[in-house]
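coords.txt (compact mmCIF, C-alpha atoms and all ligand atoms) appears below.
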```
# COMPACT_ATOMS: atom_id res chain seq x y z
CA MET A 1 99.48 98.63 -18.21
CA ALA A 2 96.28 96.65 -17.76
CA SER A 3 95.79 94.84 -21.09
CA LEU A 4 95.29 98.01 -23.19
CA GLN A 5 91.63 98.30 -22.18
CA PRO A 6 90.05 101.66 -21.40
CA VAL A 7 89.46 102.36 -17.71
CA ARG A 8 86.18 100.81 -16.52
CA GLY A 9 83.30 103.18 -17.14
CA THR A 10 85.08 105.11 -19.91
CA HIS A 11 84.57 104.81 -23.65
CA ASP A 12 86.29 105.76 -26.88
CA LEU A 13 84.12 107.73 -29.27
CA LEU A 14 84.82 106.55 -32.80
CA PHE A 15 83.22 107.15 -36.19
CA GLU A 16 79.41 106.82 -35.97
CA ASP A 17 79.46 107.36 -32.18
CA MET A 18 81.39 110.54 -32.77
CA ARG A 19 79.01 111.71 -35.52
CA ARG A 20 76.06 111.20 -33.18
CA HIS A 21 77.87 112.95 -30.32
CA HIS A 22 78.79 115.90 -32.50
CA ALA A 23 75.29 116.18 -33.95
CA VAL A 24 73.82 116.48 -30.44
CA ILE A 25 76.25 119.25 -29.48
CA GLU A 26 76.06 121.22 -32.72
CA ARG A 27 72.27 121.20 -32.95
CA ALA A 28 71.88 122.08 -29.28
CA LYS A 29 74.43 124.89 -29.54
CA GLY A 30 72.78 126.29 -32.67
CA ILE A 31 69.34 126.40 -31.07
CA ALA A 32 70.69 127.78 -27.78
CA GLY A 33 72.19 130.60 -29.85
CA LEU A 34 68.69 131.53 -31.06
CA TYR A 35 67.76 132.11 -27.41
CA GLY A 36 70.85 134.23 -26.74
CA PHE A 37 73.01 131.57 -25.05
CA GLU A 38 76.67 131.76 -26.03
CA GLU A 39 79.18 128.92 -25.61
CA VAL A 40 81.66 128.90 -22.75
CA ILE A 41 84.29 126.34 -21.76
CA THR A 42 85.39 126.12 -18.15
CA PRO A 43 88.25 123.91 -16.90
CA ILE A 44 87.74 120.19 -16.47
CA PHE A 45 89.20 120.41 -12.97
CA GLU A 46 88.47 122.95 -10.24
CA PHE A 47 89.17 123.38 -6.54
CA THR A 48 87.18 120.63 -4.83
CA GLU A 49 85.49 123.31 -2.72
CA VAL A 50 83.68 124.68 -5.77
CA PHE A 51 81.63 121.47 -5.71
CA THR A 52 81.51 120.56 -2.02
CA ARG A 53 80.11 123.98 -1.10
CA THR A 54 77.46 123.98 -3.80
CA ILE A 55 76.45 120.38 -4.35
CA GLY A 56 76.58 119.62 -0.63
CA GLU A 57 78.60 117.17 1.45
CA THR A 58 75.63 114.82 1.84
CA SER A 59 74.87 114.46 -1.88
CA ASP A 60 75.82 111.21 -3.63
CA ILE A 61 78.11 113.15 -5.91
CA VAL A 62 80.27 114.67 -3.18
CA SER A 63 80.07 111.82 -0.70
CA LYS A 64 81.00 108.99 -3.05
CA GLU A 65 81.39 109.96 -6.72
CA MET A 66 84.20 112.53 -6.90
CA TYR A 67 87.54 112.02 -8.62
CA ALA A 68 89.54 114.13 -6.17
CA PHE A 69 93.30 114.54 -5.92
CA GLU A 70 95.92 116.75 -4.33
CA ARG A 71 98.55 118.70 -6.24
CA SER A 72 101.08 121.02 -4.54
CA GLY A 73 98.82 121.24 -1.52
CA ASP A 74 95.75 122.22 -3.57
CA GLN A 75 92.65 120.03 -3.22
CA LEU A 76 91.39 119.53 -6.75
CA CYS A 77 88.84 117.34 -8.51
CA LEU A 78 87.58 116.46 -11.96
CA ARG A 79 84.26 118.21 -12.43
CA PRO A 80 81.23 115.97 -11.77
CA GLU A 81 78.82 118.50 -13.33
CA GLY A 82 78.83 121.83 -15.14
CA THR A 83 76.79 124.31 -13.13
CA ALA A 84 79.23 125.00 -10.30
CA GLY A 85 82.11 125.72 -12.70
CA VAL A 86 80.04 128.11 -14.84
CA CYS A 87 78.86 129.95 -11.71
CA ARG A 88 82.45 130.12 -10.45
CA ALA A 89 83.46 131.58 -13.83
CA PHE A 90 80.63 134.14 -13.62
CA VAL A 91 82.06 135.37 -10.32
CA SER A 92 85.78 135.03 -11.24
CA ASN A 93 85.28 137.12 -14.37
CA GLY A 94 83.32 139.85 -12.57
CA LEU A 95 80.23 139.51 -14.74
CA GLN A 96 77.74 140.62 -12.07
CA GLN A 97 77.00 143.83 -14.00
CA GLN A 98 76.30 141.94 -17.20
CA VAL A 99 73.19 139.99 -16.26
CA PRO A 100 71.31 138.12 -17.44
CA PHE A 101 74.33 135.98 -18.25
CA LYS A 102 73.40 133.17 -20.66
CA ALA A 103 75.89 130.37 -21.17
CA PHE A 104 75.84 127.14 -23.17
CA TYR A 105 78.43 124.43 -22.53
CA ALA A 106 79.32 120.93 -23.66
CA GLY A 107 82.00 118.66 -22.32
CA PRO A 108 83.08 115.70 -20.21
CA MET A 109 82.02 115.11 -16.59
CA PHE A 110 83.43 112.54 -14.17
CA ARG A 111 81.61 110.55 -11.50
CA TYR A 112 82.75 107.40 -9.77
CA GLU A 113 79.55 105.36 -9.99
CA ARG A 114 78.64 101.82 -10.99
CA PRO A 115 78.95 101.59 -14.79
CA GLN A 116 75.94 100.21 -16.65
CA LYS A 117 74.07 100.99 -19.86
CA GLY A 118 73.66 104.76 -20.05
CA ARG A 119 75.86 105.31 -16.99
CA GLN A 120 79.58 105.92 -17.33
CA ARG A 121 82.37 107.26 -15.16
CA GLN A 122 83.37 109.71 -17.85
CA PHE A 123 80.27 110.95 -19.61
CA HIS A 124 79.40 114.13 -21.46
CA GLN A 125 76.80 116.80 -20.97
CA ILE A 126 75.34 119.71 -22.84
CA GLY A 127 73.90 122.38 -20.59
CA VAL A 128 72.73 125.96 -20.22
CA GLU A 129 72.87 128.38 -17.29
CA LEU A 130 70.83 131.58 -17.10
CA ILE A 131 72.30 133.64 -14.27
CA GLY A 132 70.96 136.84 -12.72
CA ALA A 133 67.23 136.55 -13.46
CA ASP A 134 64.84 135.73 -10.62
CA THR A 135 61.65 135.81 -12.70
CA PRO A 136 59.73 132.60 -13.55
CA LYS A 137 59.97 133.78 -17.19
CA ALA A 138 63.61 132.67 -17.06
CA ASP A 139 62.54 129.19 -15.95
CA VAL A 140 60.08 129.08 -18.84
CA GLU A 141 62.75 130.20 -21.31
CA VAL A 142 65.22 127.44 -20.39
CA LEU A 143 62.41 124.86 -20.41
CA VAL A 144 61.20 125.95 -23.85
CA LEU A 145 64.81 125.83 -25.08
CA ALA A 146 65.23 122.28 -23.75
CA SER A 147 62.02 121.18 -25.40
CA HIS A 148 63.06 122.83 -28.69
CA ILE A 149 66.42 121.02 -28.64
CA LEU A 150 64.85 117.64 -27.86
CA ASP A 151 62.41 118.13 -30.75
CA ALA A 152 65.30 118.98 -33.07
CA LEU A 153 67.08 115.77 -32.05
CA GLY A 154 64.00 113.85 -33.16
CA LEU A 155 62.65 113.03 -29.69
CA LYS A 156 59.28 114.73 -30.10
CA GLY A 157 56.65 112.52 -28.49
CA GLN A 158 59.33 110.25 -26.98
CA VAL A 159 60.03 112.25 -23.83
CA THR A 160 57.84 113.43 -20.98
CA LEU A 161 58.54 116.60 -19.07
CA GLU A 162 58.16 116.04 -15.34
CA LEU A 163 57.90 119.19 -13.29
CA ASN A 164 57.86 120.06 -9.62
CA THR A 165 58.48 122.97 -7.30
CA LEU A 166 60.64 122.93 -4.20
CA GLY A 167 59.34 126.35 -3.15
CA ASP A 168 61.43 129.13 -1.67
CA THR A 169 63.66 128.73 1.39
CA ALA A 170 60.80 129.24 3.85
CA SER A 171 58.45 126.79 2.13
CA ARG A 172 61.19 124.25 1.81
CA ALA A 173 62.09 124.51 5.50
CA ALA A 174 58.44 124.17 6.49
CA TYR A 175 58.08 121.09 4.33
CA ARG A 176 61.29 119.57 5.64
CA ASP A 177 59.92 119.83 9.20
CA ARG A 178 56.62 118.19 8.23
CA LEU A 179 58.42 115.40 6.40
CA VAL A 180 60.78 114.69 9.31
CA GLU A 181 57.81 114.68 11.69
CA PHE A 182 56.01 112.16 9.49
CA LEU A 183 59.01 109.88 8.87
CA THR A 184 60.61 109.84 12.34
CA PRO A 185 58.23 107.23 13.81
CA TYR A 186 59.15 104.96 10.86
CA ARG A 187 62.90 105.51 11.20
CA ASN A 188 63.65 101.79 11.62
CA ASP A 189 61.68 100.89 8.49
CA LEU A 190 63.77 103.20 6.30
CA SER A 191 66.70 101.95 4.19
CA ASP A 192 70.15 102.56 5.66
CA ASP A 193 70.81 105.40 3.20
CA SER A 194 67.53 107.07 4.09
CA LYS A 195 68.20 106.78 7.85
CA VAL A 196 71.24 108.99 7.25
CA ARG A 197 69.25 111.30 4.96
CA LEU A 198 66.58 111.73 7.63
CA ASP A 199 69.15 113.55 9.77
CA LYS A 200 71.16 115.27 7.07
CA ASN A 201 69.03 115.87 3.96
CA PRO A 202 65.48 114.52 4.45
CA LEU A 203 64.08 115.79 1.12
CA ARG A 204 66.37 113.37 -0.67
CA ILE A 205 64.39 110.46 0.80
CA LEU A 206 61.65 111.34 -1.71
CA ASP A 207 64.16 110.44 -4.42
CA SER A 208 64.95 106.99 -2.92
CA LYS A 209 64.88 103.96 -5.21
CA ASP A 210 64.33 101.55 -2.25
CA GLU A 211 60.94 99.77 -2.38
CA GLY A 212 60.26 100.10 1.35
CA ASP A 213 61.13 103.80 1.30
CA ARG A 214 58.83 104.32 -1.65
CA ARG A 215 55.87 102.73 0.12
CA LEU A 216 56.36 105.08 3.07
CA ILE A 217 56.81 108.11 0.83
CA ALA A 218 53.54 107.40 -0.93
CA GLU A 219 51.80 108.21 2.37
CA ALA A 220 53.99 111.22 3.25
CA PRO A 221 52.73 114.83 3.18
CA LYS A 222 53.20 116.59 -0.17
CA MET A 223 55.40 119.63 -0.81
CA GLU A 224 52.42 121.41 -2.35
CA GLU A 225 50.67 121.71 1.01
CA SER A 226 53.66 123.59 2.48
CA LEU A 227 54.04 126.18 -0.27
CA ASN A 228 53.59 129.83 0.72
CA ALA A 229 51.69 132.22 -1.55
CA GLU A 230 54.81 133.51 -3.37
CA SER A 231 56.08 130.03 -4.13
CA ARG A 232 52.66 128.94 -5.31
CA ALA A 233 52.37 131.95 -7.64
CA PHE A 234 55.87 131.32 -9.01
CA PHE A 235 54.99 127.72 -9.88
CA GLU A 236 51.68 128.76 -11.46
CA THR A 237 53.47 131.28 -13.69
CA VAL A 238 55.91 128.63 -14.87
CA GLN A 239 53.07 126.25 -15.70
CA ALA A 240 51.11 128.96 -17.50
CA GLY A 241 54.22 129.83 -19.54
CA LEU A 242 54.68 126.22 -20.64
CA THR A 243 51.03 125.97 -21.60
CA ALA A 244 51.31 129.20 -23.63
CA HIS A 245 54.19 127.58 -25.55
CA GLY A 246 52.18 124.41 -26.13
CA ILE A 247 54.54 122.30 -24.02
CA SER A 248 52.85 119.53 -22.07
CA TYR A 249 54.14 118.32 -18.72
CA VAL A 250 53.14 116.28 -15.71
CA VAL A 251 53.61 117.45 -12.15
CA ASN A 252 55.67 114.90 -10.22
CA PRO A 253 55.65 115.79 -6.51
CA LYS A 254 58.49 113.33 -5.80
CA LEU A 255 60.92 115.01 -8.14
CA VAL A 256 63.45 116.64 -5.82
CA ARG A 257 66.82 116.43 -7.61
CA GLY A 258 69.97 115.19 -5.93
CA LEU A 259 71.55 118.61 -5.52
CA ASP A 260 71.08 120.75 -2.42
CA TYR A 261 71.01 124.21 -3.97
CA TYR A 262 67.81 123.88 -5.97
CA CYS A 263 64.69 125.92 -5.17
CA HIS A 264 61.39 126.55 -6.95
CA THR A 265 61.37 124.83 -10.34
CA ALA A 266 62.80 121.31 -10.68
CA PHE A 267 62.34 119.27 -13.84
CA GLU A 268 63.39 116.19 -15.78
CA PHE A 269 62.76 115.08 -19.34
CA VAL A 270 62.26 111.32 -19.14
CA THR A 271 61.92 108.58 -21.74
CA THR A 272 60.98 104.92 -21.53
CA ALA A 273 63.14 104.15 -24.58
CA LEU A 274 66.41 103.69 -22.66
CA GLY A 275 65.55 101.20 -19.94
CA ALA A 276 66.46 102.09 -16.37
CA GLN A 277 68.48 105.25 -17.16
CA GLY A 278 65.57 107.18 -18.59
CA THR A 279 66.38 110.77 -17.66
CA VAL A 280 67.90 112.52 -20.65
CA LEU A 281 67.92 116.10 -19.39
CA ALA A 282 67.37 117.60 -15.95
CA GLY A 283 67.63 120.90 -14.19
CA GLY A 284 66.06 123.60 -12.13
CA ARG A 285 66.47 126.85 -10.28
CA TYR A 286 69.45 127.34 -7.97
CA ASP A 287 69.12 130.77 -6.35
CA GLY A 288 71.32 129.86 -3.36
CA LEU A 289 74.27 128.44 -5.26
CA ILE A 290 76.46 131.44 -6.04
CA GLU A 291 76.15 132.77 -2.52
CA ALA A 292 76.97 129.30 -1.16
CA MET A 293 80.28 129.34 -3.05
CA GLY A 294 81.17 132.72 -1.57
CA GLY A 295 79.94 135.03 -4.33
CA PRO A 296 77.25 137.73 -4.26
CA SER A 297 73.70 136.45 -3.85
CA THR A 298 72.61 135.84 -7.46
CA PRO A 299 69.71 133.76 -8.78
CA GLY A 300 70.12 131.20 -11.53
CA VAL A 301 68.32 128.52 -13.48
CA GLY A 302 69.60 125.91 -15.93
CA TRP A 303 69.75 122.31 -17.02
CA ALA A 304 72.11 119.60 -18.23
CA GLY A 305 71.47 116.79 -20.70
CA GLY A 306 73.41 113.54 -21.01
CA ILE A 307 74.98 113.47 -24.48
CA GLU A 308 75.45 109.67 -24.55
CA ARG A 309 71.77 109.12 -23.76
CA LEU A 310 70.65 111.74 -26.30
CA ALA A 311 73.02 110.33 -28.93
CA LEU A 312 71.49 106.86 -28.54
CA LEU A 313 68.04 108.30 -29.21
CA LEU A 314 69.06 110.58 -32.07
CA ALA A 315 66.60 110.08 -34.91
CA ASP A 316 68.68 111.00 -37.97
CA VAL A 317 72.32 110.03 -37.66
CA PRO A 318 74.45 112.13 -39.99
CA GLY A 319 76.20 109.88 -42.53
CA LYS A 320 79.83 110.06 -43.46
CA ALA A 321 80.38 112.27 -46.53
CA ARG A 322 80.48 110.09 -49.68
CA PRO A 323 83.80 110.80 -51.39
CA ILE A 324 84.79 111.12 -55.02
CA ALA A 325 87.09 108.24 -56.01
CA VAL A 326 89.89 109.37 -58.31
CA ILE A 327 91.08 106.40 -60.35
CA PRO A 328 94.23 106.63 -62.50
CA MET A 329 94.67 103.91 -65.13
CA GLY A 330 98.34 103.15 -65.59
CA ASP A 331 101.49 104.85 -64.29
CA ALA A 332 101.25 107.76 -66.73
CA ALA A 333 98.02 108.93 -65.09
CA GLU A 334 99.35 108.88 -61.49
CA GLY A 335 100.72 112.43 -61.59
CA GLU A 336 97.51 113.82 -63.06
CA ALA A 337 95.50 111.93 -60.40
CA ASP A 338 97.53 113.55 -57.61
CA ALA A 339 97.04 117.00 -59.10
CA ILE A 340 93.29 116.55 -59.59
CA THR A 341 92.87 115.13 -56.09
CA GLY A 342 94.59 118.19 -54.62
CA ARG A 343 92.50 120.60 -56.70
CA LEU A 344 89.20 118.94 -55.80
CA ARG A 345 89.99 118.80 -52.06
CA ARG A 346 90.84 122.50 -52.08
CA ALA A 347 87.53 123.14 -53.84
CA GLY A 348 85.81 121.46 -50.87
CA TYR A 349 85.21 117.94 -52.18
CA ALA A 350 85.92 114.80 -50.16
CA VAL A 351 88.25 112.72 -52.35
CA ASP A 352 89.60 109.23 -51.94
CA LEU A 353 92.74 108.29 -53.87
CA ALA A 354 94.17 104.84 -53.29
CA TYR A 355 97.95 104.72 -52.91
CA SER A 356 98.30 101.86 -55.39
CA GLY A 357 96.48 99.14 -57.31
CA ASN A 358 95.04 98.40 -60.73
CA MET A 359 91.66 99.63 -62.03
CA LYS A 360 89.76 96.64 -60.62
CA LYS A 361 91.25 96.95 -57.17
CA ARG A 362 90.59 100.67 -57.10
CA MET A 363 86.97 100.27 -58.18
CA LYS A 364 86.54 97.80 -55.34
CA ARG A 365 88.00 100.31 -52.94
CA ALA A 366 85.63 103.01 -54.29
CA ASN A 367 82.81 100.67 -53.35
CA THR A 368 84.26 100.03 -49.86
CA VAL A 369 84.50 103.76 -49.08
CA ASN A 370 80.95 104.21 -50.47
CA ALA A 371 82.14 106.67 -53.12
CA ARG A 372 79.37 108.59 -54.88
CA VAL A 373 81.23 109.06 -58.13
CA ALA A 374 84.45 107.94 -59.81
CA VAL A 375 86.74 110.20 -61.83
CA ILE A 376 88.53 107.77 -64.15
CA LEU A 377 91.75 108.92 -65.78
CA GLY A 378 92.42 106.63 -68.76
CA GLU A 379 95.05 107.14 -71.43
CA ASP A 380 92.51 108.02 -74.17
CA GLU A 381 90.62 110.48 -72.00
CA LEU A 382 93.80 112.20 -70.85
CA LYS A 383 94.91 112.65 -74.44
CA GLN A 384 91.72 114.66 -74.98
CA GLY A 385 92.38 116.62 -71.77
CA ALA A 386 89.36 115.00 -70.16
CA ALA A 387 88.28 112.40 -67.57
CA ALA A 388 85.42 109.91 -67.44
CA VAL A 389 83.01 110.80 -64.64
CA ARG A 390 80.98 107.78 -63.56
CA ASP A 391 77.92 108.02 -61.35
CA LEU A 392 78.43 104.96 -59.14
CA ASP A 393 74.76 104.76 -58.18
CA SER A 394 73.31 104.81 -61.72
CA GLY A 395 76.36 103.61 -63.65
CA GLU A 396 75.93 106.53 -66.09
CA GLN A 397 79.24 107.86 -67.45
CA VAL A 398 80.14 111.11 -69.23
CA LEU A 399 83.34 112.68 -70.54
CA VAL A 400 84.25 115.93 -68.76
CA PRO A 401 87.14 118.31 -69.66
CA LEU A 402 89.68 118.37 -66.79
CA ALA A 403 89.28 122.14 -66.43
CA ALA A 404 85.53 121.73 -65.87
CA LEU A 405 85.74 118.98 -63.21
CA GLU A 406 85.07 121.22 -60.18
CA THR A 407 81.90 122.65 -61.72
CA ASP A 408 80.64 119.39 -63.17
CA LEU A 409 81.07 117.44 -59.91
CA ALA A 410 78.85 119.95 -58.10
CA ARG A 411 75.88 117.86 -59.32
CA PHE A 412 76.89 115.16 -56.81
CA ARG A 413 77.10 117.41 -53.71
P1 LIG A 501 70.73 109.89 -12.04
O1 LIG A 501 69.55 109.91 -11.15
O2 LIG A 501 70.53 109.14 -13.35
O3 LIG A 501 72.02 109.50 -11.36
P2 LIG A 501 71.57 112.60 -11.79
O4 LIG A 501 70.56 113.28 -10.97
O5 LIG A 501 72.84 112.16 -11.14
O6 LIG A 501 70.92 111.38 -12.56
P3 LIG A 501 72.20 115.00 -13.21
O7 LIG A 501 73.27 115.34 -12.29
O8 LIG A 501 70.92 115.75 -13.18
O9 LIG A 501 71.88 113.44 -13.10
O10 LIG A 501 72.75 115.02 -14.72
C1 LIG A 501 71.96 115.41 -15.85
C2 LIG A 501 71.97 114.35 -16.91
O11 LIG A 501 73.27 113.89 -17.18
C3 LIG A 501 71.23 113.08 -16.53
O12 LIG A 501 69.87 113.24 -16.75
C4 LIG A 501 71.82 112.08 -17.49
O13 LIG A 501 71.24 112.19 -18.77
C5 LIG A 501 73.24 112.51 -17.55
N1 LIG A 501 74.07 111.71 -16.62
C6 LIG A 501 74.25 111.88 -15.29
N2 LIG A 501 75.10 110.98 -14.77
C7 LIG A 501 75.50 110.21 -15.84
C8 LIG A 501 76.40 109.10 -15.99
N3 LIG A 501 77.09 108.62 -14.98
N4 LIG A 501 76.56 108.56 -17.23
C9 LIG A 501 75.88 109.06 -18.30
N5 LIG A 501 75.03 110.10 -18.23
C10 LIG A 501 74.84 110.67 -17.02
MG MG A 502 73.59 110.36 -10.37
```

Can you present the structure in this file as structure tokens?
Ligand code: ATP
Ligand code: MG
Amino acid sequence: MASLQPVRGTHDLLFEDMRRHHAVIERAKGIAGLYGFEEVITPIFEFTEVFTRTIGETSDIVSKEMYAFERSGDQLCLRPEGTAGVCRAFVSNGLQQQVPFKAFYAGPMFRYERPQKGRQRQFHQIGVELIGADTPKADVEVLVLASHILDALGLKGQVTLELNTLGDTASRAAYRDRLVEFLTPYRNDLSDDSKVRLDKNPLRILDSKDEGDRRLIAEAPKMEESLNAESRAFFETVQAGLTAHGISYVVNPKLVRGLDYYCHTAFEFVTTALGAQGTVLAGGRYDGLIEAMGGPSTPGVGWAGGIERLALLLADVPGKARPIAVIPMGDAAEGEADAITGRLRRAGYAVDLAYSGNMKKRMKRANTVNARVAVILGEDELKQGAAAVRDLDSGEQVLVPLAALETDLARFR
């Protein structure tokens, strides 16, 4: 075993990290519920085909980032993203008659990429999928939901919504031809990756991070000029919907998304607060996906957000509950302390009871665990059937009958 370290690119989630992580999921899930999205969990591994057919052989994810393995002759892989699995589940469970299907999910994803800040090999996403609605109103609904969630996480004013359209199949094909025509004379100036993309997936060149590629792209024809009337109207309706909801955005014509099945709306919520890995949430419309995996032609739109990135930006980190410290003085009080601790925990209070130690040591421990209040069981108090309840913030102390402890302690909730 390699020195008891976690595998490169993976992390343990402990304590505050876990509280942040959980806060992102719970708030997102709660708000998604207001929009009619219900939680689903799909398996962490699927047949590799579920992803190769939908994400595309030429995408970075399929060509170099998959954790794939064989078991009993089945080709399987750890899921690199959530959409394909949810769409597979939609088909497997015969839900075609129950559209629109609205799913929320949260869970781990796996991609073999170079680990750096905000980029892991196991990371986690929240996401929604709205399947079976081809209207731009569906695009607006998932965008408004995303914006609502980001506001609730405290990111209002810290993220920019970048929006683009890829048009329908015809517009996209027309644009692809124009782009290839423009770039072909410059083939030798393109980066090695983009030379391959020019033959296999030219739209992805727009997404290139290479400086030389970017200079060329700046001069390239824009998608907008290739849009047919339907695609143009679709995009205008989405923009009008966002404006009606008071959501601001910028159109970014270079936003194409890495995945092959997207059409029409593509979007990213981006921040400058995280350095290079600034995209916190991204998504779009994927009308060709379910058909590509062998299901009935069904439109869909959705997004996924990176929980680690959102957790780093979270404005109000939930604190750990401040416990009640139960402090017996002397052996005679130990039994009573156990009984009271049990009673209070069953009444819903967080209680800390040290296993041993004198009064001084236990008070010190109460301080270490950031206790809000101490219930002190001294000989004199117990004789009166009472305990001393000390507010550890103000130092104020009162005598409370043992039978009234549950009610009295409610003032510290
Ligand atoms: P990038 O361009 O950063 O590689 P992507 O296009 O691969 O992003 P998506 O597949 O759209 O990302 O995933 C949606 C979100 O999931 C991203 O915006 C990001 O917040 C998060 N994410 C993606 N890959 C990782 C990773 N390796 N580690 C942490 N978060 C990630
Ligand atoms: Mg990526």

Coordinates-based distance that separates atom CA of A:Gln277 from atom O6 of ligand LIG 501 (chain A) (Å, one decimal):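 Going from atom O6 of ligand LIG 501 (chain A) over to atom CA of A:Gln277 covers 8.0 Å.
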
Closest atom pairs, chain A residues within 10 Å of ligand LIG 501 (chain A), only C-alpha atoms and all ligand atoms, as CSV:
```
residue,atom,partner,partner_atom,distance
A:Gly9,CA,A:LIG501,N3,8.5
A:Thr10,CA,A:LIG501,N4,9.6
A:Ile55,CA,A:LIG501,O7,9.9
A:Ser59,CA,A:LIG501,O5,9.8
A:Asp60,CA,A:LIG501,O5,8.1
A:Ile61,CA,A:LIG501,O5,7.5
A:Glu65,CA,A:LIG501,N3,9.4
A:Pro80,CA,A:LIG501,O7,8.0
A:Glu81,CA,A:LIG501,O7,6.5
A:Gly82,CA,A:LIG501,O7,9.0
A:Thr83,CA,A:LIG501,O7,9.7
A:Pro108,CA,A:LIG501,C9,10.0
A:Met109,CA,A:LIG501,C7,8.2
A:Phe110,CA,A:LIG501,N3,7.5
A:Arg111,CA,A:LIG501,N3,6.0
A:Tyr112,CA,A:LIG501,N3,7.8
A:Glu113,CA,A:LIG501,N3,6.4
A:Arg114,CA,A:LIG501,N3,8.0
A:Pro115,CA,A:LIG501,N3,7.3
A:Gln116,CA,A:LIG501,N4,8.4
A:Lys117,CA,A:LIG501,N4,8.4
A:Gly118,CA,A:LIG501,C9,5.1
A:Arg119,CA,A:LIG501,N4,3.3
A:Gln120,CA,A:LIG501,N4,4.0
A:Arg121,CA,A:LIG501,N3,5.5
A:Gln122,CA,A:LIG501,N4,6.9
A:Phe123,CA,A:LIG501,C9,5.0
A:His124,CA,A:LIG501,N5,6.8
A:Gln125,CA,A:LIG501,O11,5.9
A:Ile126,CA,A:LIG501,O11,8.4
A:Gly127,CA,A:LIG501,C1,8.6
A:Asp207,CA,A:LIG501,O1,8.6
A:Ser208,CA,A:LIG501,O1,9.9
A:Lys209,CA,A:LIG501,O1,9.6
A:Val256,CA,A:LIG501,O4,9.4
A:Arg257,CA,A:LIG501,O4,5.9
A:Gly258,CA,A:LIG501,O4,5.4
A:Leu259,CA,A:LIG501,O4,7.7
A:Phe267,CA,A:LIG501,O8,9.3
A:Glu268,CA,A:LIG501,O12,7.2
A:Phe269,CA,A:LIG501,O12,7.8
A:Val270,CA,A:LIG501,O12,8.2
A:Ala276,CA,A:LIG501,O2,8.7
A:Gln277,CA,A:LIG501,O2,5.8
A:Gly278,CA,A:LIG501,O2,7.5
A:Thr279,CA,A:LIG501,O12,4.4
A:Val280,CA,A:LIG501,O13,3.8
A:Leu281,CA,A:LIG501,O12,4.4
A:Ala282,CA,A:LIG501,O8,4.9
A:Gly283,CA,A:LIG501,O8,6.2
A:Gly284,CA,A:LIG501,O8,9.3
A:Trp303,CA,A:LIG501,C1,7.3
A:Ala304,CA,A:LIG501,C1,4.8
A:Gly305,CA,A:LIG501,C2,4.5
A:Gly306,CA,A:LIG501,O13,3.4
A:Ile307,CA,A:LIG501,O13,6.9
A:Glu308,CA,A:LIG501,C9,6.3
A:Arg309,CA,A:LIG501,O13,5.9
A:Leu310,CA,A:LIG501,O13,7.6
```

Residues of the last selection are to be written out with C-alpha atoms, as a compact mmCIF listing (two decimals), in the coordinates of the input.
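Saved to part.txt:
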```
# COMPACT_ATOMS: atom_id res chain seq x y z
CA GLY A 9 83.30 103.18 -17.14
CA THR A 10 85.08 105.11 -19.91
CA ILE A 55 76.45 120.38 -4.35
CA SER A 59 74.87 114.46 -1.88
CA ASP A 60 75.82 111.21 -3.63
CA ILE A 61 78.11 113.15 -5.91
CA GLU A 65 81.39 109.96 -6.72
CA PRO A 80 81.23 115.97 -11.77
CA GLU A 81 78.82 118.50 -13.33
CA GLY A 82 78.83 121.83 -15.14
CA THR A 83 76.79 124.31 -13.13
CA PRO A 108 83.08 115.70 -20.21
CA MET A 109 82.02 115.11 -16.59
CA PHE A 110 83.43 112.54 -14.17
CA ARG A 111 81.61 110.55 -11.50
CA TYR A 112 82.75 107.40 -9.77
CA GLU A 113 79.55 105.36 -9.99
CA ARG A 114 78.64 101.82 -10.99
CA PRO A 115 78.95 101.59 -14.79
CA GLN A 116 75.94 100.21 -16.65
CA LYS A 117 74.07 100.99 -19.86
CA GLY A 118 73.66 104.76 -20.05
CA ARG A 119 75.86 105.31 -16.99
CA GLN A 120 79.58 105.92 -17.33
CA ARG A 121 82.37 107.26 -15.16
CA GLN A 122 83.37 109.71 -17.85
CA PHE A 123 80.27 110.95 -19.61
CA HIS A 124 79.40 114.13 -21.46
CA GLN A 125 76.80 116.80 -20.97
CA ILE A 126 75.34 119.71 -22.84
CA GLY A 127 73.90 122.38 -20.59
CA ASP A 207 64.16 110.44 -4.42
CA SER A 208 64.95 106.99 -2.92
CA LYS A 209 64.88 103.96 -5.21
CA VAL A 256 63.45 116.64 -5.82
CA ARG A 257 66.82 116.43 -7.61
CA GLY A 258 69.97 115.19 -5.93
CA LEU A 259 71.55 118.61 -5.52
CA PHE A 267 62.34 119.27 -13.84
CA GLU A 268 63.39 116.19 -15.78
CA PHE A 269 62.76 115.08 -19.34
CA VAL A 270 62.26 111.32 -19.14
CA ALA A 276 66.46 102.09 -16.37
CA GLN A 277 68.48 105.25 -17.16
CA GLY A 278 65.57 107.18 -18.59
CA THR A 279 66.38 110.77 -17.66
CA VAL A 280 67.90 112.52 -20.65
CA LEU A 281 67.92 116.10 -19.39
CA ALA A 282 67.37 117.60 -15.95
CA GLY A 283 67.63 120.90 -14.19
CA GLY A 284 66.06 123.60 -12.13
CA TRP A 303 69.75 122.31 -17.02
CA ALA A 304 72.11 119.60 -18.23
CA GLY A 305 71.47 116.79 -20.70
CA GLY A 306 73.41 113.54 -21.01
CA ILE A 307 74.98 113.47 -24.48
CA GLU A 308 75.45 109.67 -24.55
CA ARG A 309 71.77 109.12 -23.76
CA LEU A 310 70.65 111.74 -26.30
```

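In terms of minimum interatomic distance to A:His148, A:Ala32 ranks closest within A:Leu392, A:Ala32, A:Ala23, A:Leu382, counting all atoms listed in the file.
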